[in-house]
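Text of target_17.txt (compact mmCIF, C-alpha atoms) as supplied:
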# COMPACT_ATOMS: atom_id res chain seq x y z
CA MET I 1 -48.22 59.38 -79.30
CA LEU I 2 -44.89 57.68 -78.91
CA GLU I 3 -42.71 58.08 -81.98
CA LEU I 4 -39.38 56.81 -83.22
CA ALA I 5 -37.90 60.29 -82.74
CA HIS I 6 -38.36 59.99 -78.97
CA PHE I 7 -36.11 56.93 -78.87
CA GLN I 8 -33.58 58.54 -81.19
CA VAL I 9 -33.28 61.76 -79.19
CA LEU I 10 -32.94 59.79 -75.93
CA SER I 11 -30.27 57.64 -77.58
CA ALA I 12 -28.40 60.74 -78.80
CA ALA I 13 -28.57 62.27 -75.31
CA LEU I 14 -27.18 59.14 -73.59
CA PHE I 15 -24.47 58.79 -76.24
CA SER I 16 -23.23 62.37 -75.88
CA ILE I 17 -23.30 62.15 -72.07
CA GLY I 18 -21.13 59.04 -72.47
CA ILE I 19 -18.73 60.89 -74.78
CA PHE I 20 -18.44 63.67 -72.21
CA GLY I 21 -17.64 61.11 -69.53
CA VAL I 22 -14.98 59.38 -71.64
CA LEU I 23 -13.24 62.67 -72.43
CA ALA I 24 -13.62 64.46 -69.09
CA ARG I 25 -12.94 61.74 -66.50
CA ARG I 26 -9.47 60.89 -65.20
CA SER I 27 -10.14 57.56 -63.51
CA ALA I 28 -9.96 54.63 -65.94
CA VAL I 29 -12.91 52.94 -64.20
CA LEU I 30 -15.08 56.01 -64.77
CA VAL I 31 -14.02 56.11 -68.44
CA LEU I 32 -15.15 52.48 -68.78
CA ILE I 33 -18.49 53.25 -67.10
CA SER I 34 -19.03 56.03 -69.62
CA ILE I 35 -18.31 53.59 -72.46
CA GLU I 36 -21.06 51.35 -71.05
CA LEU I 37 -23.41 54.35 -71.23
CA MET I 38 -22.55 54.83 -74.91
CA LEU I 39 -23.19 51.15 -75.67
CA ASN I 40 -26.57 51.44 -73.96
CA ALA I 41 -27.43 54.46 -76.08
CA VAL I 42 -26.84 52.33 -79.17
CA ASN I 43 -29.11 49.64 -77.69
CA VAL I 44 -31.91 52.16 -77.11
CA ASN I 45 -31.64 53.26 -80.72
CA LEU I 46 -31.73 49.69 -82.06
CA VAL I 47 -34.69 48.69 -79.90
CA GLY I 48 -36.58 51.80 -80.98
CA ILE I 49 -36.04 51.15 -84.67
CA ALA I 50 -36.91 47.45 -84.22
CA ALA I 51 -40.18 48.43 -82.52
CA PHE I 52 -41.22 50.93 -85.18
CA SER I 53 -40.12 49.14 -88.35
CA GLU I 54 -42.96 48.08 -90.62
CA ARG I 55 -41.19 44.90 -91.71
CA ALA I 56 -42.56 41.48 -90.83
CA ALA I 57 -42.14 40.40 -87.22
CA ASP I 58 -39.44 37.81 -87.97
CA VAL I 59 -37.30 40.46 -89.67
CA ARG I 60 -38.10 43.12 -87.09
CA VAL I 61 -36.74 40.99 -84.27
CA PHE I 62 -33.23 41.21 -85.79
CA GLY I 63 -32.87 44.59 -84.11
CA GLN I 64 -33.40 42.97 -80.72
CA ILE I 65 -31.00 40.13 -81.60
CA LEU I 66 -28.29 42.69 -82.39
CA VAL I 67 -28.91 44.18 -78.95
CA VAL I 68 -28.37 40.73 -77.38
CA PHE I 69 -24.96 40.54 -79.07
CA ILE I 70 -24.06 44.10 -78.03
CA ILE I 71 -24.91 43.28 -74.40
CA THR I 72 -22.73 40.15 -74.66
CA ILE I 73 -19.77 42.05 -76.09
CA ALA I 74 -20.23 44.84 -73.54
CA ALA I 75 -20.11 42.33 -70.69
CA ALA I 76 -16.94 40.73 -72.11
CA GLU I 77 -15.40 44.16 -72.64
CA ILE I 78 -16.06 45.49 -69.14
CA GLY I 79 -14.72 42.31 -67.50
CA LEU I 80 -11.52 42.26 -69.52
CA ALA I 81 -10.97 46.03 -69.34
CA LEU I 82 -11.40 46.15 -65.58
CA ALA I 83 -8.88 43.30 -65.25
CA ILE I 84 -6.42 45.36 -67.31
CA VAL I 85 -7.09 48.43 -65.13
CA LEU I 86 -6.45 46.31 -62.04
CA ARG I 87 -3.14 45.06 -63.45
CA VAL I 88 -2.09 48.61 -64.42
CA PHE I 89 -2.96 49.80 -60.91
CA ARG I 90 -0.84 47.07 -59.35
CA ASN I 91 2.14 47.80 -61.60
CA ARG I 92 2.05 51.60 -61.54
CA GLY I 93 0.09 52.53 -58.40
CA SER I 94 -2.41 54.63 -60.25
CA ALA I 95 -5.55 54.00 -62.29
CA ASN I 96 -5.76 57.48 -63.80
CA VAL I 97 -5.58 57.66 -67.56
CA ASP I 98 -3.35 60.74 -67.61
CA ASP I 99 -0.72 59.07 -65.41
CA LEU I 100 -0.20 56.39 -68.07
CA ASN I 101 2.05 58.45 -70.31
CA VAL I 102 5.11 56.18 -70.70
CA MET I 103 4.46 55.76 -74.41
CA LYS I 104 3.75 59.45 -74.93
CA TRP I 105 6.52 61.01 -76.97
CA MET X 1 -51.22 55.83 -76.14
CA THR X 2 -50.75 58.93 -74.02
CA ALA X 3 -50.11 56.80 -70.94
CA GLN X 4 -47.32 55.12 -72.90
CA LEU X 5 -45.85 58.54 -73.68
CA VAL X 6 -46.00 59.63 -70.04
CA VAL X 7 -44.22 56.45 -68.94
CA PHE X 8 -41.61 56.95 -71.65
CA TYR X 9 -40.90 60.53 -70.54
CA LEU X 10 -40.64 59.50 -66.89
CA VAL X 11 -38.25 56.62 -67.57
CA ALA X 12 -36.23 58.66 -70.07
CA ALA X 13 -35.86 61.46 -67.50
CA VAL X 14 -34.55 58.93 -64.96
CA ALA X 15 -32.11 57.56 -67.55
CA VAL X 16 -30.76 60.99 -68.47
CA ILE X 17 -30.50 62.14 -64.84
CA GLY X 18 -28.77 58.88 -63.92
CA SER X 19 -26.22 59.17 -66.70
CA LEU X 20 -25.60 62.84 -65.90
CA GLY X 21 -24.95 61.68 -62.34
CA VAL X 22 -22.43 59.14 -63.67
CA VAL X 23 -20.37 61.78 -65.46
CA LEU X 24 -20.80 64.70 -63.02
CA THR X 25 -20.52 63.29 -59.49
CA ARG X 26 -17.16 63.66 -57.75
CA ASN X 27 -17.49 60.45 -55.76
CA VAL X 28 -16.46 57.35 -57.71
CA VAL X 29 -18.76 54.99 -55.77
CA HIS X 30 -21.72 57.32 -56.35
CA ALA X 31 -20.92 57.20 -60.07
CA ALA X 32 -21.20 53.40 -60.03
CA PHE X 33 -24.60 53.55 -58.31
CA MET X 34 -25.83 56.24 -60.70
CA LEU X 35 -24.78 53.88 -63.50
CA LEU X 36 -27.08 51.28 -61.97
CA VAL X 37 -29.95 53.81 -61.98
CA ALA X 38 -29.30 54.75 -65.61
CA LEU X 39 -29.08 51.12 -66.78
CA LEU X 40 -32.28 50.10 -64.96
CA ALA X 41 -34.03 53.07 -66.57
CA VAL X 42 -32.81 51.84 -69.97
CA ALA X 43 -34.41 48.48 -69.08
CA GLY X 44 -37.64 50.44 -68.55
CA ILE X 45 -37.23 51.99 -72.00
CA PHE X 46 -36.92 48.46 -73.42
CA LEU X 47 -40.19 47.54 -71.69
CA VAL X 48 -41.93 50.56 -73.22
CA ALA X 49 -40.70 49.38 -76.63
CA VAL X 50 -42.16 45.89 -75.92
CA ALA X 51 -38.76 44.16 -75.74
CA GLU X 52 -39.37 42.10 -72.59
CA PHE X 53 -36.46 39.71 -72.99
CA LEU X 54 -33.97 42.55 -73.41
CA ALA X 55 -35.36 44.33 -70.35
CA LEU X 56 -34.85 41.17 -68.26
CA ALA X 57 -31.37 40.58 -69.70
CA GLN X 58 -30.48 44.21 -69.02
CA ILE X 59 -31.54 43.96 -65.37
CA LEU X 60 -29.71 40.63 -64.88
CA ILE X 61 -26.47 41.49 -66.65
CA TYR X 62 -26.09 45.19 -65.88
CA GLY X 63 -28.01 45.44 -62.63
CA GLY X 64 -26.48 42.24 -61.31
CA ALA X 65 -23.11 41.56 -62.85
CA VAL X 66 -21.61 44.70 -64.33
CA THR X 67 -22.34 47.00 -61.39
CA VAL X 68 -20.83 44.50 -58.93
CA VAL X 69 -17.71 44.11 -61.09
CA VAL X 70 -17.36 47.90 -61.38
CA LEU X 71 -17.74 48.32 -57.61
CA PHE X 72 -15.06 45.68 -57.00
CA ALA X 73 -12.74 47.42 -59.46
CA ILE X 74 -13.32 50.76 -57.66
CA MET X 75 -12.64 49.10 -54.32
CA LEU X 76 -9.40 47.49 -55.53
CA THR X 77 -8.02 50.55 -57.32
CA ARG X 78 -8.68 52.98 -54.49
CA THR X 79 -5.83 55.21 -53.33
CA ASP X 80 -5.70 57.02 -50.01
CA ASP X 81 -5.69 60.53 -51.40
CA GLN X 82 -8.82 61.56 -53.28
CA PRO X 83 -7.51 63.37 -56.34
CA ARG X 84 -9.65 65.44 -58.64
CA THR X 85 -11.79 63.15 -60.75
CA ASP X 86 -11.91 65.33 -63.83
CA HIS X 87 -9.44 66.10 -66.55
CA SER X 88 -8.25 69.60 -67.40
CA GLN X 89 -9.78 69.14 -70.86
CA ARG X 90 -13.29 69.20 -69.35
CA PRO X 91 -14.59 72.31 -71.22
CA LEU X 92 -13.42 70.83 -74.50
CA ALA X 93 -15.17 67.55 -73.62
CA LEU X 94 -18.39 69.47 -72.92
CA LEU X 95 -18.10 71.20 -76.28
CA THR X 96 -17.55 67.86 -78.06
CA ALA X 97 -20.50 66.23 -76.29
CA VAL X 98 -22.88 69.09 -77.15
CA GLY X 99 -21.63 69.05 -80.75
CA VAL X 100 -22.16 65.29 -81.08
CA PHE X 101 -25.65 65.60 -79.56
CA ALA X 102 -26.63 68.36 -82.00
CA LEU X 103 -25.22 66.43 -84.95
CA LEU X 104 -26.99 63.19 -83.97
CA VAL X 105 -30.36 64.91 -83.45
CA VAL X 106 -30.12 66.75 -86.78
CA VAL X 107 -29.19 63.54 -88.61
CA PHE X 108 -31.93 61.49 -86.87
CA ILE X 109 -34.64 64.05 -87.57
CA GLY X 110 -33.51 64.55 -91.15
CA SER X 111 -33.07 60.85 -91.98
CA ASP X 112 -35.43 58.65 -93.95
CA VAL X 113 -35.68 56.15 -91.11
CA ALA X 114 -38.37 58.19 -89.37
CA SER X 115 -40.52 58.35 -92.50
CA VAL X 116 -40.10 54.63 -93.17
CA ALA X 117 -41.11 53.87 -89.60
CA ASP X 118 -44.48 52.45 -88.77
CA THR X 119 -46.84 55.25 -87.77
CA ARG X 120 -49.09 52.82 -85.90
CA GLY X 121 -46.64 52.88 -83.02
CA VAL X 122 -45.34 50.37 -80.54
CA GLY X 123 -47.37 47.56 -79.08
CA THR X 124 -50.11 47.46 -81.67
CA GLU X 125 -48.81 44.18 -83.01
CA ASN X 126 -47.02 42.28 -80.29
CA GLU X 127 -45.25 39.58 -82.28
CA THR X 128 -41.65 40.30 -81.41
CA GLY X 129 -41.87 38.44 -78.13
CA PHE X 130 -39.75 35.67 -76.68
CA GLU X 131 -40.76 33.20 -79.39
CA ALA X 132 -39.65 35.29 -82.37
CA LEU X 133 -36.45 36.26 -80.56
CA GLY X 134 -35.59 32.66 -79.73
CA LEU X 135 -36.38 31.45 -83.23
CA GLY X 136 -34.21 34.14 -84.79
CA LEU X 137 -31.38 33.59 -82.33
CA PHE X 138 -31.18 29.82 -82.92
CA THR X 139 -31.84 29.69 -86.67
CA ASP X 140 -30.54 32.68 -88.63
CA TRP X 141 -28.14 33.83 -85.94
CA ALA X 142 -27.00 30.46 -84.57
CA ILE X 143 -23.33 30.77 -85.62
CA PRO X 144 -22.88 34.35 -84.30
CA PHE X 145 -24.57 33.17 -81.10
CA GLU X 146 -22.04 30.36 -80.62
CA VAL X 147 -19.15 32.68 -81.49
CA ALA X 148 -20.47 35.15 -78.88
CA SER X 149 -20.37 32.42 -76.23
CA LEU X 150 -16.76 31.65 -77.23
CA VAL X 151 -15.87 35.35 -76.97
CA LEU X 152 -17.34 35.42 -73.46
CA LEU X 153 -15.35 32.33 -72.46
CA VAL X 154 -12.07 33.70 -73.85
CA SER X 155 -12.56 37.09 -72.21
CA LEU X 156 -13.36 35.40 -68.91
CA ILE X 157 -10.13 33.37 -69.06
CA GLY X 158 -8.22 36.49 -70.11
CA ALA X 159 -9.64 38.51 -67.24
CA ILE X 160 -8.66 35.81 -64.73
CA LEU X 161 -5.13 35.60 -66.16
CA LEU X 162 -4.70 39.38 -66.08
CA ALA X 163 -6.12 40.00 -62.63
CA ARG X 164 -4.29 37.05 -61.02
CA ASN X 165 -1.67 37.85 -58.42
CA VAL X 166 1.56 36.61 -59.98
CA GLU X 167 3.63 37.31 -56.85
CA ASP X 168 1.67 34.71 -54.89
CA GLY X 169 3.48 31.96 -56.78
CA GLU X 170 2.26 30.23 -59.88
Any chance you could put this one into structure tokens?
Amino acid sequence: MLELAHFQVLSAALFSIGIFGVLARRSAVLVLISIELMLNAVNVNLVGIAAFSERAADVRVFGQILVVFIITIAAAEIGLALAIVLRVFRNRGSANVDDLNVMKW
Amino acid sequence: MTAQLVVFYLVAAVAVIGSLGVVLTRNVVHAAFMLLVALLAVAGIFLVAVAEFLALAQILIYGGAVTVVVLFAIMLTRTDDQPRTDHSQRPLALLTAVGVFALLVVVFIGSDVASVADTRGVGTENETGFEALGLGLFTDWAIPFEVASLVLLVSLIGAILLARNVEDGE
């Protein structure tokens, strides 16, 4: 029997894998990919709760609508962030996050 | 019901393996393709939870657009030497990730959400289809929907401005 806990544990697993990627990777592109993983973990959680809620169907669908907005924002974020990474690479010759230490005191 | 559970476990295993591949592989291009695997598996999870529209949107946006953009970014930011892909703070990152996972699982299992949840399970009452989603999106959520389209437009223009080659003459 499929339960809400299944979705929640999967969501927690994807989210922590994403956190590991954000903290452990050096390439800015890989950090951004890991952020996408974390956003997807949130989506899994929202869809799970929307599917298992005992509210009426027209309230329950709000969970899925939130996911639509998160996907939209994630798409905007990855496009803009990769453009910034590209610009940084052109100006500094490196897209590694630990090479960008000009503002580090 | 058990078939549903088997499908869920299969797809969830693919999702977890794919995302582990994203964060563990040394090759940057492999990481992008593992991201595609993980995101398509998440689309499968959406299908198990009877969210057809989201599964389709996930495949179109992530499978189509995001992976291609990421691959282009990898191609354009490639340097000749292949440096190590991981930070020196890797053990600390592993510790943080395991800690966050444990915390999230404890909070999820201990929360009231699970007890409030419908014990009948998914798919018994298939009303949250395209119709309900569309109605909600264009009535209660119409203004956020329009704002989201504006955000997309602005970020598109911003991305073009940032990635443009200024040296080529304006």
Inset, instruction - Find the residues of chain I in contact range of chain X, meaning any atom within 6 Å when counting only C-alpha atoms, and list them as a list in words. - result: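 Going by the stated atoms only, the list reads Met1, Leu2, Ala12, Ser16, Ile19, Phe20, Gly21, Leu23, Ala24, Arg25, Arg26, Ala51, Phe52, Ser53, Glu54, Ala57, Val61, Ala76, Leu80, Ala83 and Arg87 of chain I.
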Legend entry - Counting all atoms listed in the file, the option among I:Leu14, I:Ala74, I:Ala81, I:Met103 closest to Val14 (chain X):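 Closest candidate: I:Leu14.
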Inset, instruction - Between X:Leu36, X:Ala41, X:Val7, X:Ala142, single out the one closest to Ile65 (chain I), counting all atoms listed in the file. - result: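 Of X:Leu36, X:Ala41, X:Val7, X:Ala142, the one nearest Ile65 (chain I) is X:Ala142, counting all atoms listed in the file.
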Legend entry - Point-to-point distance from CA of Ile35 (chain I) to CA of Ile143 (chain X), Å rounded to tenths: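 So the answer is 26.8 Å.
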Inset, instruction - Have a look at CA of Thr25 (chain X) and CA of Val68 (chain X) and let me know their distance in Å, one decimal. - result: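 One can read the CA of Thr25 (chain X) to CA of Val68 (chain X) distance as 18.8 Å.
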Inset, instruction - Compare I:Val42, I:Leu32, I:Val102, I:Ile49 by their minimum atom-to-atom distance to Phe69 (chain I), counting all atoms listed in the file, and give me the closest one. - result: I:Val42
Inset, instruction - Quote the spacing between CA of Leu30 (chain I) and CA of Asn96 (chain I) in Å to one decimal place. - result: 9.5 Å
Inset, instruction - Go through I:Leu39, I:Leu86, I:Ile33, I:Ile78 one by one, measure the shortest atom-to-atom distance of each to Leu66 (chain I) using all atoms listed in the file, and give the residue with the smallest value. - result: I:Leu39
Could the centre and edge lengths of an axis-aligned box, enclosing all atoms of region 38-47 of chain X in the file with 3 Å extra on each side, be given in Å to one decimal as AutoDock Vina command-line options?
--center_x -34.6 --center_y 51.1 --center_z -69.2 --size_x 17.1 --size_y 13.2 --size_z 14.5
Can you put N, CA, C and O atoms back into region 7-30 of chain I and show it as a PDB file, in the coordinates of the input?
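Result written to rebuild.pdb:
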ATOM      1  N   PHE I   7     -37.199  57.860 -79.152  1.00  0.00           N
ATOM      2  CA  PHE I   7     -36.110  56.930 -78.870  1.00  0.00           C
ATOM      3  C   PHE I   7     -34.796  57.472 -79.402  1.00  0.00           C
ATOM      4  O   PHE I   7     -33.755  57.356 -78.747  1.00  0.00           O
ATOM      5  N   GLN I   8     -34.830  58.086 -80.577  1.00  0.00           N
ATOM      6  CA  GLN I   8     -33.580  58.540 -81.190  1.00  0.00           C
ATOM      7  C   GLN I   8     -32.970  59.692 -80.412  1.00  0.00           C
ATOM      8  O   GLN I   8     -31.755  59.732 -80.214  1.00  0.00           O
ATOM      9  N   VAL I   9     -33.819  60.630 -79.943  1.00  0.00           N
ATOM     10  CA  VAL I   9     -33.280  61.760 -79.190  1.00  0.00           C
ATOM     11  C   VAL I   9     -32.732  61.275 -77.846  1.00  0.00           C
ATOM     12  O   VAL I   9     -31.656  61.702 -77.418  1.00  0.00           O
ATOM     13  N   LEU I  10     -33.451  60.343 -77.185  1.00  0.00           N
ATOM     14  CA  LEU I  10     -32.940  59.790 -75.930  1.00  0.00           C
ATOM     15  C   LEU I  10     -31.600  59.114 -76.163  1.00  0.00           C
ATOM     16  O   LEU I  10     -30.650  59.292 -75.387  1.00  0.00           O
ATOM     17  N   SER I  11     -31.511  58.333 -77.262  1.00  0.00           N
ATOM     18  CA  SER I  11     -30.270  57.640 -77.580  1.00  0.00           C
ATOM     19  C   SER I  11     -29.142  58.633 -77.810  1.00  0.00           C
ATOM     20  O   SER I  11     -28.031  58.464 -77.287  1.00  0.00           O
ATOM     21  N   ALA I  12     -29.430  59.717 -78.554  1.00  0.00           N
ATOM     22  CA  ALA I  12     -28.400  60.740 -78.800  1.00  0.00           C
ATOM     23  C   ALA I  12     -27.953  61.378 -77.490  1.00  0.00           C
ATOM     24  O   ALA I  12     -26.757  61.618 -77.278  1.00  0.00           O
ATOM     25  N   ALA I  13     -28.918  61.640 -76.584  1.00  0.00           N
ATOM     26  CA  ALA I  13     -28.570  62.270 -75.310  1.00  0.00           C
ATOM     27  C   ALA I  13     -27.648  61.357 -74.500  1.00  0.00           C
ATOM     28  O   ALA I  13     -26.592  61.785 -74.013  1.00  0.00           O
ATOM     29  N   LEU I  14     -28.014  60.068 -74.369  1.00  0.00           N
ATOM     30  CA  LEU I  14     -27.180  59.140 -73.590  1.00  0.00           C
ATOM     31  C   LEU I  14     -25.802  59.012 -74.217  1.00  0.00           C
ATOM     32  O   LEU I  14     -24.787  58.985 -73.525  1.00  0.00           O
ATOM     33  N   PHE I  15     -25.754  58.962 -75.556  1.00  0.00           N
ATOM     34  CA  PHE I  15     -24.470  58.790 -76.240  1.00  0.00           C
ATOM     35  C   PHE I  15     -23.558  59.985 -75.994  1.00  0.00           C
ATOM     36  O   PHE I  15     -22.368  59.822 -75.691  1.00  0.00           O
ATOM     37  N   SER I  16     -24.116  61.214 -76.061  1.00  0.00           N
ATOM     38  CA  SER I  16     -23.230  62.370 -75.880  1.00  0.00           C
ATOM     39  C   SER I  16     -22.826  62.525 -74.416  1.00  0.00           C
ATOM     40  O   SER I  16     -21.699  62.963 -74.141  1.00  0.00           O
ATOM     41  N   ILE I  17     -23.718  62.142 -73.483  1.00  0.00           N
ATOM     42  CA  ILE I  17     -23.300  62.150 -72.070  1.00  0.00           C
ATOM     43  C   ILE I  17     -22.136  61.173 -71.874  1.00  0.00           C
ATOM     44  O   ILE I  17     -21.155  61.475 -71.185  1.00  0.00           O
ATOM     45  N   GLY I  18     -22.226  60.007 -72.543  1.00  0.00           N
ATOM     46  CA  GLY I  18     -21.130  59.040 -72.470  1.00  0.00           C
ATOM     47  C   GLY I  18     -19.840  59.585 -73.045  1.00  0.00           C
ATOM     48  O   GLY I  18     -18.765  59.392 -72.469  1.00  0.00           O
ATOM     49  N   ILE I  19     -19.936  60.299 -74.166  1.00  0.00           N
ATOM     50  CA  ILE I  19     -18.730  60.890 -74.780  1.00  0.00           C
ATOM     51  C   ILE I  19     -18.104  61.891 -73.820  1.00  0.00           C
ATOM     52  O   ILE I  19     -16.880  61.920 -73.629  1.00  0.00           O
ATOM     53  N   PHE I  20     -18.964  62.714 -73.183  1.00  0.00           N
ATOM     54  CA  PHE I  20     -18.440  63.670 -72.210  1.00  0.00           C
ATOM     55  C   PHE I  20     -17.692  62.948 -71.094  1.00  0.00           C
ATOM     56  O   PHE I  20     -16.590  63.352 -70.704  1.00  0.00           O
ATOM     57  N   GLY I  21     -18.293  61.849 -70.601  1.00  0.00           N
ATOM     58  CA  GLY I  21     -17.640  61.110 -69.530  1.00  0.00           C
ATOM     59  C   GLY I  21     -16.293  60.545 -69.954  1.00  0.00           C
ATOM     60  O   GLY I  21     -15.318  60.621 -69.211  1.00  0.00           O
ATOM     61  N   VAL I  22     -16.236  59.970 -71.171  1.00  0.00           N
ATOM     62  CA  VAL I  22     -14.980  59.380 -71.640  1.00  0.00           C
ATOM     63  C   VAL I  22     -13.898  60.441 -71.736  1.00  0.00           C
ATOM     64  O   VAL I  22     -12.749  60.212 -71.361  1.00  0.00           O
ATOM     65  N   LEU I  23     -14.265  61.647 -72.217  1.00  0.00           N
ATOM     66  CA  LEU I  23     -13.240  62.670 -72.430  1.00  0.00           C
ATOM     67  C   LEU I  23     -12.891  63.416 -71.147  1.00  0.00           C
ATOM     68  O   LEU I  23     -11.763  63.875 -70.989  1.00  0.00           O
ATOM     69  N   ALA I  24     -13.852  63.561 -70.217  1.00  0.00           N
ATOM     70  CA  ALA I  24     -13.620  64.460 -69.090  1.00  0.00           C
ATOM     71  C   ALA I  24     -13.080  63.737 -67.852  1.00  0.00           C
ATOM     72  O   ALA I  24     -12.441  64.368 -67.019  1.00  0.00           O
ATOM     73  N   ARG I  25     -13.322  62.431 -67.725  1.00  0.00           N
ATOM     74  CA  ARG I  25     -12.940  61.740 -66.500  1.00  0.00           C
ATOM     75  C   ARG I  25     -11.472  61.356 -66.496  1.00  0.00           C
ATOM     76  O   ARG I  25     -10.902  61.065 -67.539  1.00  0.00           O
ATOM     77  N   ARG I  26     -10.871  61.296 -65.304  1.00  0.00           N
ATOM     78  CA  ARG I  26      -9.470  60.890 -65.200  1.00  0.00           C
ATOM     79  C   ARG I  26      -9.348  59.419 -64.818  1.00  0.00           C
ATOM     80  O   ARG I  26      -8.432  58.746 -65.260  1.00  0.00           O
ATOM     81  N   SER I  27     -10.249  58.945 -63.964  1.00  0.00           N
ATOM     82  CA  SER I  27     -10.140  57.560 -63.510  1.00  0.00           C
ATOM     83  C   SER I  27     -10.524  56.598 -64.633  1.00  0.00           C
ATOM     84  O   SER I  27     -11.540  56.786 -65.304  1.00  0.00           O
ATOM     85  N   ALA I  28      -9.704  55.572 -64.852  1.00  0.00           N
ATOM     86  CA  ALA I  28      -9.960  54.630 -65.940  1.00  0.00           C
ATOM     87  C   ALA I  28     -11.278  53.899 -65.738  1.00  0.00           C
ATOM     88  O   ALA I  28     -11.984  53.599 -66.697  1.00  0.00           O
ATOM     89  N   VAL I  29     -11.645  53.630 -64.464  1.00  0.00           N
ATOM     90  CA  VAL I  29     -12.910  52.940 -64.200  1.00  0.00           C
ATOM     91  C   VAL I  29     -14.089  53.806 -64.641  1.00  0.00           C
ATOM     92  O   VAL I  29     -15.054  53.328 -65.255  1.00  0.00           O
ATOM     93  N   LEU I  30     -13.995  55.124 -64.373  1.00  0.00           N
ATOM     94  CA  LEU I  30     -15.080  56.010 -64.770  1.00  0.00           C
ATOM     95  C   LEU I  30     -15.161  56.125 -66.297  1.00  0.00           C
ATOM     96  O   LEU I  30     -16.257  56.237 -66.853  1.00  0.00           O
TER      97      LEU I  30
END
